>>> print(open('query01.cif').read())   # mmCIF, C-alpha atoms and all ligand atoms
data_structure
#
loop_
_atom_site.label_atom_id
_atom_site.label_comp_id
_atom_site.auth_asym_id
_atom_site.auth_seq_id
_atom_site.Cartn_x
_atom_site.Cartn_y
_atom_site.Cartn_z
CA MET U 1 -20.32 43.95 -25.02
CA THR U 2 -21.83 44.94 -21.69
CA SER U 3 -22.65 41.81 -19.74
CA LEU U 4 -20.93 38.66 -18.64
CA GLU U 5 -23.52 36.76 -20.66
CA ASP U 6 -22.32 38.57 -23.84
CA VAL U 7 -18.74 37.70 -22.93
CA ARG U 8 -19.61 34.03 -22.49
CA THR U 9 -21.53 33.97 -25.79
CA ALA U 10 -18.49 35.44 -27.56
CA ALA U 11 -16.20 32.91 -25.89
CA ARG U 12 -18.47 30.02 -26.97
CA GLU U 13 -18.12 31.18 -30.58
CA LYS U 14 -14.34 31.62 -30.38
CA LEU U 15 -13.68 28.35 -28.57
CA LYS U 16 -15.74 26.13 -30.91
CA GLY U 17 -14.66 22.51 -30.54
CA ILE U 18 -12.59 23.27 -27.42
CA CYS U 19 -14.95 24.62 -24.76
CA ALA U 20 -18.71 25.05 -25.10
CA VAL U 21 -18.89 27.45 -22.13
CA TYR U 22 -21.52 25.30 -20.43
CA PRO U 23 -23.67 26.78 -17.65
CA VAL U 24 -21.66 24.59 -15.25
CA CYS U 25 -17.95 24.00 -15.93
CA ASP U 26 -17.48 20.67 -14.21
CA GLY U 27 -15.39 18.41 -16.42
CA ALA U 28 -18.24 15.90 -16.86
CA ALA U 29 -17.40 13.03 -19.17
CA GLU U 30 -19.59 14.23 -22.05
CA ARG U 31 -18.19 17.78 -22.10
CA ILE U 32 -16.21 18.56 -25.25
CA CYS U 33 -13.09 19.43 -23.23
CA GLN U 34 -13.11 16.11 -21.52
CA ARG U 35 -13.77 13.20 -23.89
CA GLU U 36 -10.71 11.03 -23.49
CA ASN U 37 -8.73 11.92 -26.56
CA TYR U 38 -5.91 9.38 -26.71
CA GLY U 39 -2.71 11.30 -27.19
CA LYS U 40 -4.19 14.60 -28.31
CA ALA U 41 -3.37 17.83 -26.43
CA ILE U 42 -5.24 18.36 -23.17
CA GLY U 43 -7.08 21.54 -24.23
CA LEU U 44 -9.06 23.02 -21.34
CA GLY U 45 -9.92 19.64 -19.82
CA GLY U 46 -8.41 17.45 -17.13
CA ALA U 47 -5.93 14.59 -17.24
CA GLY U 48 -7.16 11.08 -18.07
CA LEU U 49 -10.87 10.66 -17.50
CA GLY U 50 -11.10 14.04 -15.79
CA GLY U 51 -11.71 12.62 -12.32
CA SER U 52 -9.60 15.25 -10.55
CA PHE U 53 -11.23 18.13 -12.45
CA ARG U 54 -14.67 16.78 -11.49
CA ALA U 55 -13.61 16.07 -7.90
CA ASN U 56 -12.77 19.75 -7.43
CA VAL U 57 -16.26 20.80 -8.49
CA GLU U 58 -17.99 17.98 -6.58
CA ALA U 59 -16.09 18.62 -3.35
CA LEU U 60 -17.35 22.20 -3.35
CA ALA U 61 -20.88 21.20 -4.39
CA ASN U 62 -21.03 18.74 -1.48
CA LEU U 63 -20.45 21.54 1.04
CA LYS U 64 -23.54 23.48 2.15
CA LEU U 65 -23.85 26.87 3.82
CA HIS U 66 -25.83 27.91 6.90
CA THR U 67 -28.21 30.84 6.31
CA ARG U 68 -28.00 33.40 9.16
CA VAL U 69 -30.35 36.33 8.83
CA VAL U 70 -30.94 37.72 12.33
CA GLY U 71 -28.74 40.40 13.88
CA ASP U 72 -27.49 43.93 13.39
CA PRO U 73 -27.30 45.16 9.78
CA PHE U 74 -23.89 45.27 8.14
CA ASP U 75 -22.20 45.75 4.77
CA PRO U 76 -19.62 42.96 4.33
CA ASN U 77 -16.02 44.09 4.00
CA LEU U 78 -14.28 41.92 1.38
CA SER U 79 -10.89 43.62 1.33
CA PHE U 80 -7.81 41.44 1.43
CA ASP U 81 -4.14 42.26 2.00
CA PHE U 82 -1.87 40.31 -0.37
CA PHE U 83 1.72 40.88 0.75
CA GLY U 84 1.08 44.58 1.30
CA LEU U 85 -1.16 45.09 -1.72
CA GLN U 86 -4.71 46.00 -0.69
CA LEU U 87 -7.16 44.06 -2.89
CA SER U 88 -10.92 44.48 -3.27
CA MET U 89 -11.54 40.78 -2.64
CA PRO U 90 -9.72 37.56 -1.68
CA ILE U 91 -10.08 36.32 -5.28
CA LEU U 92 -7.19 36.47 -7.74
CA GLY U 93 -6.68 35.34 -11.32
CA ALA U 94 -4.91 31.97 -11.53
CA SER U 95 -1.67 31.41 -13.43
CA THR U 96 -2.74 30.17 -16.85
CA SER U 97 -0.91 30.00 -20.16
CA GLY U 98 -1.08 28.58 -23.66
CA MET U 99 -4.28 30.37 -24.65
CA SER U 100 -2.98 31.18 -28.14
CA SER U 101 -3.13 27.43 -28.85
CA TYR U 102 -6.93 27.42 -28.95
CA ASN U 103 -8.37 28.33 -32.40
CA ASN U 104 -6.02 31.34 -32.52
CA ALA U 105 -8.82 33.13 -30.69
CA ILE U 106 -6.41 35.48 -28.91
CA THR U 107 -2.67 36.11 -28.97
CA GLU U 108 -0.71 34.93 -25.94
CA LEU U 109 0.30 38.46 -25.02
CA ASP U 110 -3.22 39.83 -25.35
CA PHE U 111 -4.53 37.09 -23.10
CA CYS U 112 -1.93 37.92 -20.46
CA ARG U 113 -2.74 41.62 -20.78
CA ALA U 114 -6.48 40.94 -20.47
CA THR U 115 -6.16 39.00 -17.22
CA LEU U 116 -3.78 41.49 -15.60
CA ALA U 117 -5.73 44.61 -16.64
CA GLY U 118 -9.16 43.07 -16.01
CA CYS U 119 -8.19 41.99 -12.51
CA ARG U 120 -6.66 45.39 -11.79
CA GLN U 121 -9.85 47.10 -13.02
CA ALA U 122 -11.80 44.96 -10.56
CA GLY U 123 -9.43 45.98 -7.77
CA THR U 124 -7.61 42.68 -7.59
CA LEU U 125 -4.57 40.95 -9.07
CA SER U 126 -3.76 38.13 -11.47
CA PHE U 127 -1.10 35.48 -11.42
CA ARG U 128 0.51 34.67 -14.78
CA GLY U 129 1.67 31.23 -15.90
CA ASP U 130 4.43 29.72 -17.99
CA THR U 131 4.43 27.17 -20.77
CA TRP U 132 6.74 25.42 -23.20
CA PHE U 133 6.79 28.17 -25.84
CA TYR U 134 7.61 30.96 -23.34
CA GLU U 135 11.29 31.69 -23.87
CA GLU U 136 13.53 33.18 -21.23
CA GLU U 137 14.15 36.26 -23.41
CA ASP U 138 10.60 36.42 -24.74
CA HIS U 139 8.45 35.55 -21.77
CA PHE U 140 4.80 36.57 -22.13
CA ALA U 141 4.17 36.68 -18.38
CA LEU U 142 7.12 39.00 -17.72
CA THR U 143 6.37 41.18 -20.76
CA SER U 144 2.75 41.69 -19.74
CA ILE U 145 3.59 42.24 -16.06
CA ALA U 146 6.17 44.86 -17.10
CA GLU U 147 3.43 46.69 -19.02
CA GLU U 148 1.40 46.70 -15.79
CA ALA U 149 4.33 48.21 -13.85
CA GLY U 150 4.80 45.00 -11.88
CA ARG U 151 1.20 44.40 -10.87
CA GLY U 152 1.13 40.65 -11.43
CA VAL U 153 2.49 37.46 -9.89
CA ALA U 154 4.73 35.36 -12.13
CA ILE U 155 4.45 31.63 -11.49
CA PHE U 156 7.20 29.86 -13.41
CA LYS U 157 7.27 26.23 -14.44
CA PRO U 158 9.85 24.17 -12.53
CA ARG U 159 12.56 24.75 -15.12
CA ASP U 160 16.25 24.17 -14.32
CA GLN U 161 17.48 26.11 -11.29
CA GLN U 162 19.75 28.53 -13.17
CA THR U 163 16.97 29.59 -15.53
CA LEU U 164 14.61 30.01 -12.57
CA PHE U 165 17.11 32.21 -10.72
CA ARG U 166 17.28 34.53 -13.73
CA LEU U 167 13.50 34.59 -14.28
CA ILE U 168 12.82 35.24 -10.59
CA ALA U 169 15.37 38.07 -10.55
CA ARG U 170 13.56 39.68 -13.49
CA ALA U 171 10.21 39.41 -11.67
CA GLU U 172 11.83 41.08 -8.69
CA GLU U 173 13.18 43.91 -10.87
CA LEU U 174 9.68 44.48 -12.24
CA GLY U 175 8.37 45.01 -8.71
CA CYS U 176 6.01 42.02 -8.53
CA PRO U 177 4.42 41.61 -5.09
CA ALA U 178 5.40 37.92 -5.06
CA VAL U 179 6.78 35.20 -7.31
CA GLY U 180 6.56 31.42 -7.39
CA VAL U 181 6.78 28.06 -9.10
CA ASP U 182 4.04 25.55 -9.85
CA LEU U 183 5.81 22.54 -8.36
CA ASP U 184 3.24 20.18 -9.87
CA GLY U 185 4.11 21.65 -13.28
CA HIS U 186 6.77 18.99 -13.75
CA GLY U 187 3.82 16.81 -14.69
CA SER U 188 2.84 19.18 -17.51
CA THR U 189 1.77 17.10 -20.50
CA ASN U 190 2.24 20.16 -22.73
CA PHE U 191 5.98 20.35 -21.85
CA ALA U 192 6.30 16.60 -22.39
CA ARG U 193 4.61 16.79 -25.79
CA ALA U 194 6.95 19.62 -26.82
CA GLY U 195 10.01 17.66 -25.62
CA LYS U 196 10.91 20.44 -23.13
CA GLN U 197 12.38 19.71 -19.70
CA VAL U 198 10.73 20.49 -16.38
CA TYR U 199 11.94 19.08 -13.07
CA ARG U 200 10.77 17.63 -9.78
CA LYS U 201 12.15 19.96 -7.10
CA SER U 202 13.76 18.85 -3.84
CA ALA U 203 13.55 20.60 -0.47
CA SER U 204 16.98 22.14 -1.04
CA ASP U 205 16.05 23.28 -4.58
CA ILE U 206 13.03 25.06 -3.11
CA ALA U 207 15.09 26.64 -0.33
CA GLU U 208 17.58 27.91 -2.97
CA LEU U 209 14.77 29.51 -4.94
CA VAL U 210 13.29 31.09 -1.80
CA HIS U 211 16.66 32.54 -0.81
CA SER U 212 17.43 33.79 -4.31
CA THR U 213 14.87 36.58 -3.97
CA LYS U 214 13.59 39.22 -1.57
CA LEU U 215 10.07 38.61 -2.85
CA PRO U 216 7.63 36.37 -0.99
CA PHE U 217 7.91 32.97 -2.69
CA ILE U 218 4.81 30.92 -3.55
CA ALA U 219 4.79 27.13 -3.93
CA LYS U 220 1.83 26.27 -6.14
CA GLY U 221 0.35 22.84 -6.74
CA LEU U 222 0.38 21.14 -3.35
CA MET U 223 -2.14 18.45 -2.47
CA HIS U 224 -0.53 16.82 0.59
CA PRO U 225 0.28 18.20 4.07
CA GLY U 226 3.68 16.48 3.94
CA ASP U 227 4.72 18.46 0.85
CA ALA U 228 3.35 21.65 2.41
CA VAL U 229 5.49 21.14 5.53
CA VAL U 230 8.61 20.64 3.38
CA CYS U 231 7.83 23.88 1.53
CA ALA U 232 7.16 25.79 4.76
CA ASP U 233 10.42 24.48 6.22
CA ALA U 234 12.18 25.66 3.04
CA GLY U 235 10.91 29.17 3.75
CA VAL U 236 8.08 29.71 1.27
CA ALA U 237 5.72 32.56 2.14
CA ALA U 238 2.63 30.97 0.63
CA VAL U 239 1.33 27.69 -0.72
CA VAL U 240 -1.43 27.20 -3.25
CA VAL U 241 -3.46 24.07 -2.61
CA SER U 242 -4.12 23.02 -6.19
CA ASN U 243 -4.20 20.01 -8.48
CA HIS U 244 -3.63 22.28 -11.50
CA GLY U 245 -7.32 22.16 -12.31
CA GLY U 246 -7.05 18.36 -12.48
CA ARG U 247 -4.58 18.53 -15.36
CA VAL U 248 -1.53 16.67 -14.07
CA LEU U 249 -2.90 13.56 -12.30
CA ASP U 250 -6.26 11.84 -12.63
CA SER U 251 -8.10 10.52 -9.54
CA THR U 252 -7.01 13.00 -6.90
CA PRO U 253 -9.43 14.20 -4.24
CA GLY U 254 -10.97 17.62 -4.77
CA THR U 255 -8.81 20.47 -3.48
CA ALA U 256 -11.50 21.37 -0.91
CA GLU U 257 -11.05 17.88 0.57
CA VAL U 258 -7.32 18.21 1.20
CA LEU U 259 -7.33 21.91 2.11
CA PRO U 260 -8.17 21.50 5.84
CA GLY U 261 -5.28 19.08 6.40
CA ILE U 262 -2.83 21.46 4.74
CA VAL U 263 -4.16 24.43 6.71
CA GLU U 264 -3.72 22.43 9.89
CA ALA U 265 -0.15 21.52 8.93
CA VAL U 266 1.17 24.93 7.82
CA GLY U 267 -1.60 27.53 8.20
CA GLN U 268 0.09 29.19 11.18
CA ARG U 269 3.33 29.67 9.27
CA VAL U 270 2.43 30.47 5.67
CA LEU U 271 -0.39 32.04 3.68
CA VAL U 272 -2.60 29.25 2.33
CA LEU U 273 -4.36 29.88 -0.99
CA ALA U 274 -6.50 27.38 -2.90
CA ASP U 275 -7.95 26.84 -6.36
CA GLY U 276 -9.86 24.27 -8.39
CA GLY U 277 -13.50 24.21 -9.44
CA ILE U 278 -14.40 27.60 -7.94
CA ARG U 279 -17.16 29.13 -10.05
CA ASN U 280 -18.73 31.87 -7.91
CA GLY U 281 -18.56 33.64 -4.56
CA TYR U 282 -20.43 30.85 -2.77
CA ASP U 283 -17.62 28.47 -3.70
CA VAL U 284 -15.10 31.09 -2.57
CA LEU U 285 -16.76 31.31 0.84
CA LYS U 286 -16.54 27.51 1.20
CA MET U 287 -12.78 27.59 0.55
CA LEU U 288 -12.38 30.43 3.06
CA ALA U 289 -14.45 28.48 5.60
CA LEU U 290 -12.04 25.55 5.17
CA GLY U 291 -9.12 27.82 5.99
CA ALA U 292 -7.87 29.31 2.72
CA LYS U 293 -7.06 33.02 3.04
CA ALA U 294 -7.79 33.67 -0.65
CA VAL U 295 -8.49 31.74 -3.86
CA LEU U 296 -7.47 31.68 -7.51
CA VAL U 297 -9.83 31.20 -10.43
CA GLY U 298 -8.68 29.57 -13.67
CA ARG U 299 -11.09 28.41 -16.35
CA ASP U 300 -13.66 31.16 -15.73
CA LEU U 301 -11.03 33.81 -16.46
CA ILE U 302 -9.80 31.96 -19.54
CA ARG U 303 -13.28 32.14 -21.04
CA ALA U 304 -13.77 35.74 -19.89
CA GLY U 305 -10.44 36.88 -21.33
CA ILE U 306 -10.95 35.13 -24.66
CA GLY U 307 -14.58 36.27 -24.93
CA GLY U 308 -14.20 39.87 -23.79
CA GLY U 309 -10.58 40.81 -23.17
CA ALA U 310 -9.86 42.96 -20.10
CA LEU U 311 -13.50 44.02 -19.82
CA GLY U 312 -14.60 40.38 -19.85
CA VAL U 313 -12.18 39.57 -17.05
CA GLN U 314 -13.32 42.61 -15.08
CA LEU U 315 -16.99 41.59 -15.43
CA GLN U 316 -16.16 38.04 -14.36
CA MET U 317 -14.26 39.23 -11.30
CA GLU U 318 -17.06 41.63 -10.40
CA HIS U 319 -19.49 38.72 -10.60
CA TYR U 320 -17.28 36.85 -8.14
CA ARG U 321 -17.20 39.87 -5.87
CA THR U 322 -20.98 40.36 -5.96
CA THR U 323 -21.67 36.71 -5.18
CA LEU U 324 -19.05 36.58 -2.40
CA ARG U 325 -20.60 39.69 -0.86
CA GLN U 326 -24.03 38.01 -0.98
CA ALA U 327 -22.55 34.82 0.51
CA LEU U 328 -21.01 36.75 3.41
CA LEU U 329 -24.18 38.75 3.98
CA MET U 330 -26.44 35.70 4.09
CA THR U 331 -24.15 33.68 6.34
CA GLY U 332 -23.74 36.55 8.79
CA CYS U 333 -20.03 37.29 8.14
CA SER U 334 -19.16 40.98 8.26
CA ASP U 335 -15.60 40.49 6.99
CA LEU U 336 -13.10 37.77 6.04
CA ALA U 337 -11.84 37.36 9.60
CA SER U 338 -15.32 36.36 10.74
CA VAL U 339 -15.52 33.46 8.25
CA GLY U 340 -14.96 30.02 9.76
CA ARG U 341 -16.13 26.43 9.78
CA HIS U 342 -19.33 27.60 11.45
CA VAL U 343 -20.66 28.83 8.07
CA LEU U 344 -20.68 25.25 6.75
CA ALA U 345 -23.91 23.32 7.39
C1 LIG K 1 -5.74 25.83 -19.91
C2 LIG K 1 -5.07 25.92 -18.59
C3 LIG K 1 -3.75 26.37 -18.53
C4 LIG K 1 -3.10 26.43 -17.29
N1 LIG K 1 -1.81 26.89 -17.26
C5 LIG K 1 -1.17 26.97 -16.05
C6 LIG K 1 0.15 27.52 -15.96
O1 LIG K 1 0.77 27.93 -16.94
N2 LIG K 1 0.72 27.59 -14.73
C7 LIG K 1 0.06 27.19 -13.59
O2 LIG K 1 0.61 27.32 -12.49
N3 LIG K 1 -1.17 26.66 -13.65
C8 LIG K 1 -1.81 26.56 -14.83
N4 LIG K 1 -3.11 26.10 -14.88
C9 LIG K 1 -3.79 25.77 -13.61
C10 LIG K 1 -4.47 27.00 -13.00
O3 LIG K 1 -3.51 27.89 -12.44
C11 LIG K 1 -5.40 26.63 -11.83
O4 LIG K 1 -4.70 25.87 -10.89
C12 LIG K 1 -6.65 25.87 -12.28
O5 LIG K 1 -7.08 26.34 -13.54
C13 LIG K 1 -7.75 26.05 -11.23
O6 LIG K 1 -8.87 25.30 -11.54
P1 LIG K 1 -10.16 25.88 -12.32
O7 LIG K 1 -9.73 26.04 -13.76
O8 LIG K 1 -11.18 24.81 -12.16
O9 LIG K 1 -10.53 27.20 -11.70
C14 LIG K 1 -3.78 26.05 -16.11
C15 LIG K 1 -5.12 25.63 -16.18
C16 LIG K 1 -5.77 25.58 -17.38
C17 LIG K 1 -7.22 25.13 -17.42
#
>>> encode(input="query01.cif", output="structure tokens")
Amino acid sequence: MTSLEDVRTAAREKLKGICAVYPVCDGAAERICQRENYGKAIGLGGAGLGGSFRANVEALANLKLHTRVVGDPFDPNLSFDFFGLQLSMPILGASTSGMSSYNNAITELDFCRATLAGCRQAGTLSFRGDTWFYEEEDHFALTSIAEEAGRGVAIFKPRDQQTLFRLIARAEELGCPAVGVDLDGHGSTNFARAGKQVYRKSASDIAELVHSTKLPFIAKGLMHPGDAVVCADAGVAAVVVSNHGGRVLDSTPGTAEVLPGIVEAVGQRVLVLADGGIRNGYDVLKMLALGAKAVLVGRDLIRAGIGGGALGVQLQMEHYRTTLRQALLMTGCSDLASVGRHVLA
């Protein structure tokens, strides 16, 4: 397997009936992930009719870029500092979990390993998720991050506070650069189906979690400036503007639509990251232009990891890097600091 195309072909075979690895992953109504399936598990699709999943892709597609070709030559510098870790690009693997549920195409641990190693091989970093069958003492994210000597970001589901304190402490012991909770994860339909508890967290719950660790704390899953302000007041170091890939509530705006309001509300105080519907470096540039400092990519890495393991993930991340470099070059941005609203047409 030498190309991303090979990886995607392999993933199409392994994910039969779940994801057809279409040229465009957009959550359209006729896609096999998306047909409303009345009580069945969500698979790789979005909640309900998939409106939020589609809105993410559409919001990015609706933004256009200015071409700027005149000026001194330059080679764009894509490097990004993530809490002291120098990364090759402002693009990280999203927290995803539950991959062993799909056709037994990969074991849960091997998927976690593939994303962490593949991102490292591409000079960047992956988040790792949490789902109902991850046990406190047998937690695939922590096991795989330990194998990578701490190079990974554990994002835990909003479990009960005591369990979270213990999980966060273990992430800290492993030497993770940061840790967090997907606050929107209390809407996880997979936890609900399994009869497992997840909780809506209050401002004081979040402050307790923040103060339980020396690590920078990330609040993932915010779609409203009001929630972002509460999290910033509680002391979080970063927020991820995200609707969980459209998996927890149908009919939200696209993340690119709410991102500017959240950046305006908390961008001076905390690191703002974003995800949802990003499929190449051109999409990444649009998120950066709207004020995100870096982005996470979800479904593309799921397919890459299942299709080609760590190498698949590496090839996918390198594709992101190549297309972001091209996007910066053709919009006249020599580095990330020179990206702004002016690149949007
Ligand atoms: C199958 C699947 C599993 C996911 N599992 C998690 C998880 O365990 N924790 C989490 O924070 N987010 C989870 N997410 C959301 C991703 O972190 C991310 O927000 C989303 O995939 C970004 O959108 P994209 O897939 O369009 O790139 C999951 C998404 C998918 C598609």
>>> closest_residue(input="query01.cif", among="U:Val284, U:Leu87, U:Leu328, U:Ile42", to="Gly245 (chain U)", atoms="only C-alpha atoms")
U:Ile42
>>> axis_aligned_box(input="query01.cif", around="region 190-201 of chain U", padding_each_side="4 Å", output="AutoDock Vina command-line options")
--center_x 7.3 --center_y 18.5 --center_z -17.0 --size_x 18.1 --size_y 11.9 --size_z 27.7
>>> closest_residue(input="query01.cif", among="U:Gly340, U:Gly267, U:Pro177, U:Gly118", to="Gly308 (chain U)", atoms="all atoms listed in the file")
U:Gly118
>>> residues_around(input="query01.cif", residues="Lys40 (chain U)", least_positions_apart="5", cutoff="12 Å", atoms="only C-alpha atoms", output="VMD selection string")
chain U and resid 33 to 35 45 47 to 48 189 to 190 193
>>> write_last_selection(input="query01.cif", atoms="C-alpha atoms", output="mmCIF file, in the coordinates of the input")
data_model
loop_
_atom_site.group_PDB
_atom_site.id
_atom_site.type_symbol
_atom_site.label_atom_id
_atom_site.label_comp_id
_atom_site.auth_asym_id
_atom_site.auth_seq_id
_atom_site.Cartn_x
_atom_site.Cartn_y
_atom_site.Cartn_z
ATOM 1 C CA CYS U 33 -13.090 19.430 -23.230
ATOM 2 C CA GLN U 34 -13.110 16.110 -21.520
ATOM 3 C CA ARG U 35 -13.770 13.200 -23.890
ATOM 4 C CA GLY U 45 -9.920 19.640 -19.820
ATOM 5 C CA ALA U 47 -5.930 14.590 -17.240
ATOM 6 C CA GLY U 48 -7.160 11.080 -18.070
ATOM 7 C CA THR U 189 1.770 17.100 -20.500
ATOM 8 C CA ASN U 190 2.240 20.160 -22.730
ATOM 9 C CA ARG U 193 4.610 16.790 -25.790
#
>>> closest_atom_pairs(input="query01.cif", of="chain U", to="ligand LIG 1 (chain K)", cutoff="8 Å", atoms="all atoms listed in the file", output="JSON lines")
{"residue": "U:Cys25", "atom": "CA", "partner": "K:LIG1", "partner_atom": "O8", "distance": 7.8}
{"residue": "U:Asp26", "atom": "CA", "partner": "K:LIG1", "partner_atom": "O8", "distance": 7.8}
{"residue": "U:Gly43", "atom": "CA", "partner": "K:LIG1", "partner_atom": "C1", "distance": 6.2}
{"residue": "U:Leu44", "atom": "CA", "partner": "K:LIG1", "partner_atom": "C1", "distance": 4.6}
{"residue": "U:Gly45", "atom": "CA", "partner": "K:LIG1", "partner_atom": "C17", "distance": 6.6}
{"residue": "U:Gly46", "atom": "CA", "partner": "K:LIG1", "partner_atom": "C17", "distance": 7.8}
{"residue": "U:Phe53", "atom": "CA", "partner": "K:LIG1", "partner_atom": "O8", "distance": 6.7}
{"residue": "U:Asn56", "atom": "CA", "partner": "K:LIG1", "partner_atom": "O8", "distance": 7.1}
{"residue": "U:Val57", "atom": "CA", "partner": "K:LIG1", "partner_atom": "O8", "distance": 7.4}
{"residue": "U:Ala94", "atom": "CA", "partner": "K:LIG1", "partner_atom": "O3", "distance": 4.4}
{"residue": "U:Ser95", "atom": "CA", "partner": "K:LIG1", "partner_atom": "O3", "distance": 4.1}
{"residue": "U:Thr96", "atom": "CA", "partner": "K:LIG1", "partner_atom": "N1", "distance": 3.4}
{"residue": "U:Ser97", "atom": "CA", "partner": "K:LIG1", "partner_atom": "O1", "distance": 4.2}
{"residue": "U:Gly98", "atom": "CA", "partner": "K:LIG1", "partner_atom": "C3", "distance": 6.2}
{"residue": "U:Met99", "atom": "CA", "partner": "K:LIG1", "partner_atom": "C1", "distance": 6.7}
{"residue": "U:Arg128", "atom": "CA", "partner": "K:LIG1", "partner_atom": "O1", "distance": 7.1}
{"residue": "U:Gly129", "atom": "CA", "partner": "K:LIG1", "partner_atom": "O1", "distance": 3.6}
{"residue": "U:Asp130", "atom": "CA", "partner": "K:LIG1", "partner_atom": "O1", "distance": 4.2}
{"residue": "U:Thr131", "atom": "CA", "partner": "K:LIG1", "partner_atom": "O1", "distance": 5.4}
{"residue": "U:Ile155", "atom": "CA", "partner": "K:LIG1", "partner_atom": "O2", "distance": 5.9}
{"residue": "U:Phe156", "atom": "CA", "partner": "K:LIG1", "partner_atom": "N2", "distance": 7.0}
{"residue": "U:Lys157", "atom": "CA", "partner": "K:LIG1", "partner_atom": "N2", "distance": 6.7}
{"residue": "U:Val181", "atom": "CA", "partner": "K:LIG1", "partner_atom": "O2", "distance": 7.1}
{"residue": "U:Asp182", "atom": "CA", "partner": "K:LIG1", "partner_atom": "O2", "distance": 4.7}
{"residue": "U:Gly185", "atom": "CA", "partner": "K:LIG1", "partner_atom": "O2", "distance": 6.7}
{"residue": "U:Lys220", "atom": "CA", "partner": "K:LIG1", "partner_atom": "O2", "distance": 6.6}
{"residue": "U:Gly221", "atom": "CA", "partner": "K:LIG1", "partner_atom": "O4", "distance": 7.2}
{"residue": "U:Ser242", "atom": "CA", "partner": "K:LIG1", "partner_atom": "O4", "distance": 5.5}
{"residue": "U:Asn243", "atom": "CA", "partner": "K:LIG1", "partner_atom": "O4", "distance": 6.4}
{"residue": "U:His244", "atom": "CA", "partner": "K:LIG1", "partner_atom": "O4", "distance": 3.8}
{"residue": "U:Gly245", "atom": "CA", "partner": "K:LIG1", "partner_atom": "O6", "distance": 3.6}
{"residue": "U:Gly246", "atom": "CA", "partner": "K:LIG1", "partner_atom": "O6", "distance": 7.2}
{"residue": "U:Arg247", "atom": "CA", "partner": "K:LIG1", "partner_atom": "C15", "distance": 7.2}
{"residue": "U:Asp275", "atom": "CA", "partner": "K:LIG1", "partner_atom": "C13", "distance": 4.9}
{"residue": "U:Gly276", "atom": "CA", "partner": "K:LIG1", "partner_atom": "O6", "distance": 3.5}
{"residue": "U:Gly277", "atom": "CA", "partner": "K:LIG1", "partner_atom": "O8", "distance": 3.6}
{"residue": "U:Ile278", "atom": "CA", "partner": "K:LIG1", "partner_atom": "O9", "distance": 5.4}
{"residue": "U:Arg279", "atom": "CA", "partner": "K:LIG1", "partner_atom": "O9", "distance": 7.1}
{"residue": "U:Leu296", "atom": "CA", "partner": "K:LIG1", "partner_atom": "C13", "distance": 6.8}
{"residue": "U:Val297", "atom": "CA", "partner": "K:LIG1", "partner_atom": "O9", "distance": 4.3}
{"residue": "U:Gly298", "atom": "CA", "partner": "K:LIG1", "partner_atom": "O9", "distance": 3.6}
{"residue": "U:Arg299", "atom": "CA", "partner": "K:LIG1", "partner_atom": "O7", "distance": 3.8}
{"residue": "U:Asp300", "atom": "CA", "partner": "K:LIG1", "partner_atom": "O9", "distance": 6.5}
{"residue": "U:Ile302", "atom": "CA", "partner": "K:LIG1", "partner_atom": "C1", "distance": 7.4}
>>> closest_residue(input="query01.cif", among="U:Ala327, U:Val313, U:Ala265, U:Val343", to="Ser3 (chain U)", atoms="only C-alpha atoms")
U:Val313
>>> residues_around(input="query01.cif", residues="region 102-112 of chain U", least_positions_apart="5", cutoff="8 Å", atoms="all atoms listed in the file", output="PyMOL selection string")
chain U and resi 14-16+18+43+97+128+140-141+143-144+305-306+309
